Amino acid sequence: MSNKDILELCLRNLMRRRARTILAVTGVIVGSCAIVVMLSIGFGLSVSYQEQIESYGNLHMIEIYSGGRVSLPTGSGDDKGVLNDKTLQKIEKIKGVSAVTPVISEYLTFATGKKVASIRVLGVKAEVLEKFNYNVQEGRLLKSTDKLGVLFGNQTPYWFRDPNSNNWSWEPTNVVTDKLIMTGDWEYGWKGRSRQADSGGQKIEFKEYKVKGVGVLANPNDESAYCAYMNIDELEKIQKEVRKARGEQTFPTIGKTYDQALVYVGDINQCESVSEELRKMEYQTYSQSDWLAAMKKTARMIQGVLGGIGGISLFVAALGITNTMIMSIYERTKEIGVMKVIGANLKDIGKMFLLEAGMIGCIGGIIGLAISLLLSLLMNTVLKDAISMGLGSFGGGYGSTISIIPWWVAVASVVFATAIGMIAGFLPAKRAMNMSALESLRNE
């Protein structure tokens, strides 16, 4: 028999027993639909987790801190856990690292007119800000030539208040065009303030710096939105003067070291390996991507449980297909016997039963996929709020999408359903091939 003849026979046999075929197909529809929908919720959870973590900070960024060790003399060969210019160059050579900058920080007071704001100022290398993918909504990024230039996070302009007035306005201060004063005096601008005194009781005289706002960042959900940035060399000078005025003691170290640095990883997928490499170098690390990795493990666990539930449904459907094909053999023993008597190839007979089972699986898989896509659409629109509340107990479900069906899952679901059908039909097909022609006719 030609393949066309086998196909026509399969279609005729399936249509002849429509009720049984529909029931078998329905089992596959339920099973494949359950698997696809359950997996799609798992994928949606992963995306939801990523959106939530991205709202807390930059997933490409790794904060590293010194291991608490002091810098040793040059040539000692042991710089593990130490942040200095030499070790930062080593870190920059780690695979996946795009940019590195040391960081110093100081809380300083900014004033314009009667308004003041206390802002954490970070000193960084200006040339790496562009590599960190920082964008501005106003003005420009820092340049290495900016002596007293300040780049503000986009939330900091809302912090300026008149400390002597009860009228609070939420209007942002234009930090780019307004004249700004920066000082280490935390009570600057307060009327009747008692000026800060050092340990000896002497009134502290803080220097006032005329700074220029060069730009405002456009990262509304990033930690950078709540800081200001300056060139590290300039902030270091100001920091020394402020701490000297406060009478704070500093402890000299051998060589220039830093307490903190920022590492930018171009590919999010490499963040985990870069963090691991940094920990091997005895640095303390913190990254939003670490949270994301933990959350994705949770999502995969949930996905596995949900997919397992759908798998049980498909297994039951496979049993239904097997039962359908076995019953079909019992009902068609005469047909099988006649086919063998007239010289039909045993492989063709087996192929016919396998194809019938495969067609049941394929049809069920296609219809199941169509229903899954429809349910996915409903979950992302009409049912989104209700499902979000339910998934909230897993720490997710509050993203822009509840259900995501990747193209490869859609294709795999149909292929898998077809394969399940053919596997379920293998034993019945083998039974039909091994059936004696004379025994078949005599039983009829």
# chains A, B, ... in the order shown; residues from 1 in each chain; ligands from 1
$ residues_around --residues "region 136-138 of chain A" --least-positions-apart "5" --cutoff "7 Å" --atoms "only C-alpha atoms" --output "number ranges by chain"
A: 215-218
$ closest_atom_pairs --of "region 46-149 of chain A" --to "region 33-41 of chain A" --cutoff "12 Å" --atoms "only C-alpha atoms" --output "tab-separated table"
residue	atom	partner	partner_atom	distance
A:Ser46	CA	A:Ile41	CA	8.7
A:Val47	CA	A:Ile41	CA	9.9
A:Ser48	CA	A:Ile41	CA	10.1
$ write_last_selection --atoms "C-alpha atoms" --output "PDB file, in the first residue's frame"
ATOM      1  CA  SER A  46       9.753  34.345  35.818  1.00  0.00           C
ATOM      2  CA  VAL A  47       9.100  37.524  33.833  1.00  0.00           C
ATOM      3  CA  SER A  48       7.089  38.958  36.732  1.00  0.00           C
TER       4      SER A  48
END
$ closest_residue --among "A:Asp222, A:Glu205, A:Glu187, A:Glu248" --to "Ala117 (chain A)" --atoms "only C-alpha atoms"
A:Glu187
$ select_by_dssp --residues "region 222-331 of chain A" --states "helix (DSSP H, G or I)" --output "ChimeraX atom specification"
/A:223-226,232-246,268-280,288-331
$ residues_around --residues "region 354-365 of chain A" --least-positions-apart "6" --cutoff "9 Å" --atoms "only C-alpha atoms" --output "compact mmCIF listing (two decimals) with C-alpha atoms, in the first residue's frame"
# COMPACT_ATOMS: atom_id res chain seq x y z
CA ILE A 6 -2.71 4.21 4.43
CA LEU A 7 -3.69 7.81 5.18
CA CYS A 10 -6.74 5.92 8.80
CA LEU A 11 -9.08 8.86 8.20
CA ASN A 13 -11.44 4.40 10.38
CA LEU A 14 -11.32 7.46 12.65
CA THR A 21 -12.29 9.16 18.40
CA ILE A 22 -13.76 12.36 19.87
CA ALA A 24 -9.75 10.00 22.78
CA VAL A 25 -8.97 13.37 21.17
CA THR A 26 -10.66 15.18 24.07
CA GLY A 27 -8.34 13.42 26.52
CA VAL A 28 -5.31 14.63 24.58
CA ILE A 29 -6.77 18.15 24.38
CA VAL A 30 -7.19 18.31 28.15
CA GLY A 31 -3.71 16.91 28.81
CA SER A 32 -1.79 19.06 26.31
CA CYS A 33 -3.78 22.17 27.25
CA ALA A 318 -2.36 8.15 26.51
CA ILE A 321 -5.63 6.23 23.18
CA THR A 322 -4.17 2.79 23.96
CA THR A 324 -9.17 2.99 21.83
CA MET A 325 -6.61 1.32 19.55
CA SER A 413 3.29 20.69 22.69
CA VAL A 414 1.97 19.51 19.31
CA VAL A 415 5.03 17.31 18.66
CA PHE A 416 4.84 15.87 22.17
CA ALA A 417 1.11 15.12 21.89
CA THR A 418 1.71 13.39 18.54
CA ALA A 419 4.58 11.39 20.00
CA ILE A 420 2.46 10.37 23.00
CA GLY A 421 -0.24 9.18 20.61
CA MET A 422 2.22 7.08 18.59
CA ILE A 423 3.80 5.63 21.73
CA ALA A 424 0.35 4.73 23.02
CA GLY A 425 -0.42 3.07 19.69
CA PHE A 426 2.83 1.09 19.48
CA PRO A 428 -1.72 -2.20 19.60
CA ALA A 429 0.09 -1.82 16.24
$ closest_residue --among "A:Asn164, A:Gln303, A:Val263, A:Asn219" --to "Ser287 (chain A)" --atoms "only C-alpha atoms"
A:Val263
$ atom_distance --atom1 "CA of Leu373 (chain A)" --atom2 "CA of Ile402 (chain A)"
12.6 Å
$ residues_around --residues "region 108-111 of chain A" --least-positions-apart "5" --cutoff "12 Å" --atoms "only C-alpha atoms" --output "short mmCIF file (atom, residue, chain, number, x, y, z; two decimals) with N, CA and C atoms, in the first residue's frame"
data_model
loop_
_atom_site.label_atom_id
_atom_site.label_comp_id
_atom_site.auth_asym_id
_atom_site.auth_seq_id
_atom_site.Cartn_x
_atom_site.Cartn_y
_atom_site.Cartn_z
N VAL A 116 16.64 73.41 50.88
CA VAL A 116 17.80 72.56 51.12
C VAL A 116 17.39 71.08 50.98
N ALA A 117 18.37 70.23 50.74
CA ALA A 117 18.12 68.78 50.67
C ALA A 117 19.40 68.05 51.06
N SER A 118 19.26 66.99 51.84
CA SER A 118 20.40 66.15 52.22
C SER A 118 20.43 64.95 51.27
N ILE A 119 21.52 64.81 50.53
CA ILE A 119 21.61 63.82 49.47
C ILE A 119 22.91 63.03 49.61
N ARG A 120 22.83 61.74 49.38
CA ARG A 120 24.03 60.90 49.37
C ARG A 120 24.74 61.10 48.04
N VAL A 121 25.98 61.56 48.10
CA VAL A 121 26.76 61.83 46.90
C VAL A 121 27.77 60.70 46.70
N LEU A 122 27.76 60.11 45.52
CA LEU A 122 28.69 59.04 45.19
C LEU A 122 29.79 59.58 44.28
N VAL A 150 27.76 68.10 39.27
CA VAL A 150 26.99 67.08 39.99
C VAL A 150 25.90 66.55 39.06
N PHE A 152 22.49 64.46 39.13
CA PHE A 152 21.46 64.12 40.11
C PHE A 152 20.59 62.95 39.65
N THR A 156 15.85 63.06 43.35
CA THR A 156 16.44 64.03 44.28
C THR A 156 15.93 65.46 44.11
N PRO A 157 15.55 65.93 42.91
CA PRO A 157 15.02 67.30 42.81
C PRO A 157 13.74 67.51 43.61
N TRP A 159 13.31 66.51 46.66
CA TRP A 159 13.63 66.51 48.08
C TRP A 159 13.90 67.90 48.65
N PHE A 160 14.04 68.91 47.78
CA PHE A 160 14.38 70.25 48.26
C PHE A 160 13.18 70.88 48.97
N ARG A 161 13.38 71.32 50.23
CA ARG A 161 12.34 71.92 51.05
C ARG A 161 12.91 73.13 51.79
N ASP A 162 12.00 74.04 52.13
CA ASP A 162 12.36 75.14 53.02
C ASP A 162 12.18 74.65 54.44
N PRO A 163 13.27 74.44 55.19
CA PRO A 163 13.15 73.85 56.54
C PRO A 163 12.46 74.76 57.55
N THR A 173 12.81 70.90 42.13
CA THR A 173 13.75 72.00 41.93
C THR A 173 14.52 71.77 40.64
N ASN A 174 14.72 72.82 39.89
CA ASN A 174 15.50 72.70 38.65
C ASN A 174 16.99 72.73 39.00
N VAL A 175 17.54 71.59 39.26
CA VAL A 175 18.92 71.50 39.74
C VAL A 175 19.95 71.78 38.64
N ASP A 178 19.36 76.14 38.35
CA ASP A 178 19.47 76.93 39.59
C ASP A 178 20.90 76.92 40.13
N LYS A 179 21.23 78.00 40.83
CA LYS A 179 22.54 78.08 41.49
C LYS A 179 22.51 77.22 42.75
N LEU A 180 23.52 76.38 42.92
CA LEU A 180 23.54 75.42 44.01
C LEU A 180 24.74 75.64 44.92
N ILE A 181 24.48 75.46 46.22
CA ILE A 181 25.53 75.45 47.23
C ILE A 181 25.59 74.05 47.84
N MET A 182 26.79 73.53 48.04
CA MET A 182 26.95 72.21 48.66
C MET A 182 27.85 72.36 49.88
N THR A 183 27.46 71.72 50.98
CA THR A 183 28.23 71.83 52.21
C THR A 183 28.08 70.57 53.04
N GLY A 184 28.99 70.39 53.98
CA GLY A 184 28.92 69.25 54.89
C GLY A 184 28.10 69.53 56.12
N ASP A 185 27.55 70.78 56.23
CA ASP A 185 26.74 71.18 57.37
C ASP A 185 25.33 70.62 57.20
N TRP A 186 24.94 69.65 58.05
CA TRP A 186 23.63 69.00 57.93
C TRP A 186 22.49 69.92 58.38
N GLU A 187 22.82 71.03 59.11
CA GLU A 187 21.78 71.96 59.59
C GLU A 187 21.79 73.26 58.80
N TYR A 188 22.39 73.22 57.62
CA TYR A 188 22.48 74.43 56.80
C TYR A 188 21.08 74.91 56.42
N GLY A 189 20.85 76.23 56.59
CA GLY A 189 19.57 76.83 56.19
C GLY A 189 18.53 76.86 57.29
N TRP A 190 18.81 76.25 58.45
CA TRP A 190 17.86 76.26 59.55
C TRP A 190 18.03 77.53 60.39
N PHE A 206 32.06 75.00 58.23
CA PHE A 206 32.05 74.18 57.02
C PHE A 206 32.23 75.06 55.78
N LYS A 207 33.02 74.57 54.89
CA LYS A 207 33.23 75.29 53.63
C LYS A 207 32.01 75.10 52.73
N GLU A 208 31.65 76.14 52.00
CA GLU A 208 30.54 76.06 51.05
C GLU A 208 31.09 76.01 49.63
N TYR A 209 30.60 75.06 48.88
CA TYR A 209 31.09 74.85 47.52
C TYR A 209 30.01 75.25 46.52
N LYS A 210 30.37 76.06 45.56
CA LYS A 210 29.44 76.43 44.50
C LYS A 210 29.51 75.35 43.41
N VAL A 211 28.49 74.51 43.38
CA VAL A 211 28.50 73.39 42.44
C VAL A 211 27.53 73.66 41.30
N LYS A 212 27.68 72.89 40.24
CA LYS A 212 26.84 73.04 39.04
C LYS A 212 26.16 71.71 38.72
N GLY A 213 24.84 71.73 38.64
CA GLY A 213 24.11 70.53 38.23
C GLY A 213 24.24 70.33 36.73
N CYS A 227 20.35 59.15 44.42
CA CYS A 227 21.72 59.60 44.74
C CYS A 227 22.11 60.73 43.79
N ALA A 228 23.25 61.33 44.09
CA ALA A 228 23.89 62.28 43.18
C ALA A 228 25.30 61.77 42.91
N TYR A 229 25.88 62.17 41.78
CA TYR A 229 27.19 61.65 41.39
C TYR A 229 28.15 62.81 41.11
N MET A 230 29.40 62.59 41.52
CA MET A 230 30.49 63.53 41.24
C MET A 230 31.71 62.74 40.80
N LEU A 235 35.26 64.61 44.75
CA LEU A 235 34.53 64.30 45.98
C LEU A 235 35.50 63.87 47.08
N ILE A 238 36.76 66.98 48.72
CA ILE A 238 35.71 67.58 49.55
C ILE A 238 35.48 66.75 50.80
N GLN A 239 35.49 65.42 50.64
CA GLN A 239 35.26 64.52 51.77
C GLN A 239 36.32 64.72 52.84
N VAL A 242 35.60 68.02 54.66
CA VAL A 242 34.41 67.93 55.51
C VAL A 242 34.73 67.14 56.78
N ARG A 243 35.41 66.02 56.62
CA ARG A 243 35.72 65.18 57.78
C ARG A 243 36.76 65.86 58.69
#
$ closest_residue --among "A:Asn58, A:Asn323, A:Ser66, A:Gln50" --to "Val265 (chain A)" --atoms "only C-alpha atoms"
A:Asn58
$ residues_around --residues "Ser403 (chain A)" --least-positions-apart "5" --cutoff "8 Å" --atoms "only C-alpha atoms" --output "VMD selection string"
chain A and resid 37 40 to 45 376 to 377 379 to 380
$ select_by_dssp --residues "region 117-358 of chain A" --states "strand (DSSP E)" --output "number ranges by chain"
A: 117-124, 136-139, 149-152, 180-183, 208-217, 228-231, 257-258, 260-265, 284-287
$ residues_around --residues "Leu59 (chain A)" --least-positions-apart "3" --cutoff "12 Å" --atoms "only C-alpha atoms" --output "number ranges by chain"
A: 49-56, 62-63, 132-133, 221-223, 263-272, 286-293
$ closest_residue --among "A:Val100, A:Val82, A:Ser224, A:Gln89" --to "Leu151 (chain A)" --atoms "only C-alpha atoms"
A:Ser224
$ closest_residue --among "A:Asp259, A:Glu241, A:Leu9, A:Val305" --to "Gln284 (chain A)" --atoms "only C-alpha atoms"
A:Asp259
$ decode --residues "region 200-294 of chain A" --atoms "C-alpha atoms" --output "tab-separated table (two decimals), in the first residue's frame"
chain	number	residue	atom	x	y	z
A	200	GLY	CA	36.65	70.17	71.81
A	201	GLY	CA	33.47	72.26	71.83
A	202	GLN	CA	34.64	74.55	69.04
A	203	LYS	CA	32.05	75.62	66.48
A	204	ILE	CA	32.64	73.93	63.17
A	205	GLU	CA	33.10	76.11	60.12
A	206	PHE	CA	32.05	74.18	57.02
A	207	LYS	CA	33.23	75.29	53.63
A	208	GLU	CA	30.54	76.06	51.05
A	209	TYR	CA	31.09	74.85	47.52
A	210	LYS	CA	29.44	76.43	44.50
A	211	VAL	CA	28.50	73.39	42.44
A	212	LYS	CA	26.84	73.04	39.04
A	213	GLY	CA	24.11	70.53	38.23
A	214	VAL	CA	25.11	69.04	34.88
A	215	GLY	CA	22.14	66.73	34.41
A	216	VAL	CA	19.33	64.58	35.82
A	217	LEU	CA	19.28	60.82	35.29
A	218	ALA	CA	16.39	59.07	33.53
A	219	ASN	CA	16.38	55.91	35.68
A	220	PRO	CA	13.11	56.21	37.66
A	221	ASN	CA	13.18	52.76	39.28
A	222	ASP	CA	16.90	52.40	39.83
A	223	GLU	CA	18.81	53.04	43.05
A	224	SER	CA	20.65	55.73	41.10
A	225	ALA	CA	17.44	57.80	41.20
A	226	TYR	CA	18.06	58.52	44.90
A	227	CYS	CA	21.72	59.60	44.74
A	228	ALA	CA	23.89	62.28	43.18
A	229	TYR	CA	27.19	61.65	41.39
A	230	MET	CA	30.49	63.53	41.24
A	231	ASN	CA	33.95	62.81	39.91
A	232	ILE	CA	35.63	60.64	42.49
A	233	ASP	CA	38.79	62.75	42.72
A	234	GLU	CA	36.81	65.94	43.41
A	235	LEU	CA	34.53	64.30	45.98
A	236	GLU	CA	37.57	62.79	47.69
A	237	LYS	CA	39.03	66.25	48.24
A	238	ILE	CA	35.71	67.58	49.55
A	239	GLN	CA	35.26	64.52	51.77
A	240	LYS	CA	38.66	65.07	53.41
A	241	GLU	CA	37.85	68.74	54.08
A	242	VAL	CA	34.41	67.93	55.51
A	243	ARG	CA	35.72	65.18	57.78
A	244	LYS	CA	38.60	67.37	58.89
A	245	ALA	CA	36.13	70.13	59.80
A	246	ARG	CA	34.06	67.63	61.81
A	247	GLY	CA	37.19	66.46	63.59
A	248	GLU	CA	36.69	62.87	62.45
A	249	GLN	CA	39.73	60.64	62.76
A	250	THR	CA	41.05	58.85	59.71
A	251	PHE	CA	43.32	55.86	59.79
A	252	PRO	CA	46.08	55.85	57.16
A	253	THR	CA	46.62	52.76	55.05
A	254	ILE	CA	49.50	51.62	52.91
A	255	GLY	CA	48.46	52.64	49.42
A	256	LYS	CA	45.14	54.04	48.19
A	257	THR	CA	42.22	51.69	48.90
A	258	TYR	CA	38.44	51.85	48.54
A	259	ASP	CA	35.61	50.36	50.55
A	260	GLN	CA	33.28	49.88	47.60
A	261	ALA	CA	33.26	49.48	43.82
A	262	LEU	CA	30.63	49.02	41.13
A	263	VAL	CA	30.96	46.34	38.44
A	264	TYR	CA	28.80	46.41	35.30
A	265	VAL	CA	28.14	43.09	33.54
A	266	GLY	CA	26.97	43.38	29.93
A	267	ASP	CA	25.04	40.09	29.86
A	268	ILE	CA	22.65	39.47	32.77
A	269	ASN	CA	23.18	35.72	32.38
A	270	GLN	CA	26.85	36.17	33.32
A	271	CYS	CA	26.15	38.08	36.55
A	272	GLU	CA	26.06	34.91	38.64
A	273	SER	CA	29.40	33.64	37.34
A	274	VAL	CA	31.03	37.08	37.77
A	275	SER	CA	29.72	37.29	41.36
A	276	GLU	CA	31.11	33.84	42.07
A	277	GLU	CA	34.51	34.85	40.67
A	278	LEU	CA	34.52	37.98	42.85
A	279	ARG	CA	33.68	35.95	45.95
A	280	LYS	CA	36.62	33.67	45.16
A	281	MET	CA	38.75	36.83	45.28
A	282	GLU	CA	37.40	37.31	48.85
A	283	TYR	CA	35.16	40.28	48.08
A	284	GLN	CA	31.68	40.73	49.47
A	285	THR	CA	29.15	41.10	46.67
A	286	TYR	CA	25.59	42.30	46.36
A	287	SER	CA	23.53	42.16	43.18
A	288	GLN	CA	19.86	42.31	42.27
A	289	SER	CA	20.53	39.44	39.86
A	290	ASP	CA	21.23	37.21	42.89
A	291	TRP	CA	17.66	37.81	44.01
A	292	LEU	CA	16.44	37.13	40.50
A	293	ALA	CA	18.32	33.81	40.35
A	294	ALA	CA	16.72	32.69	43.63
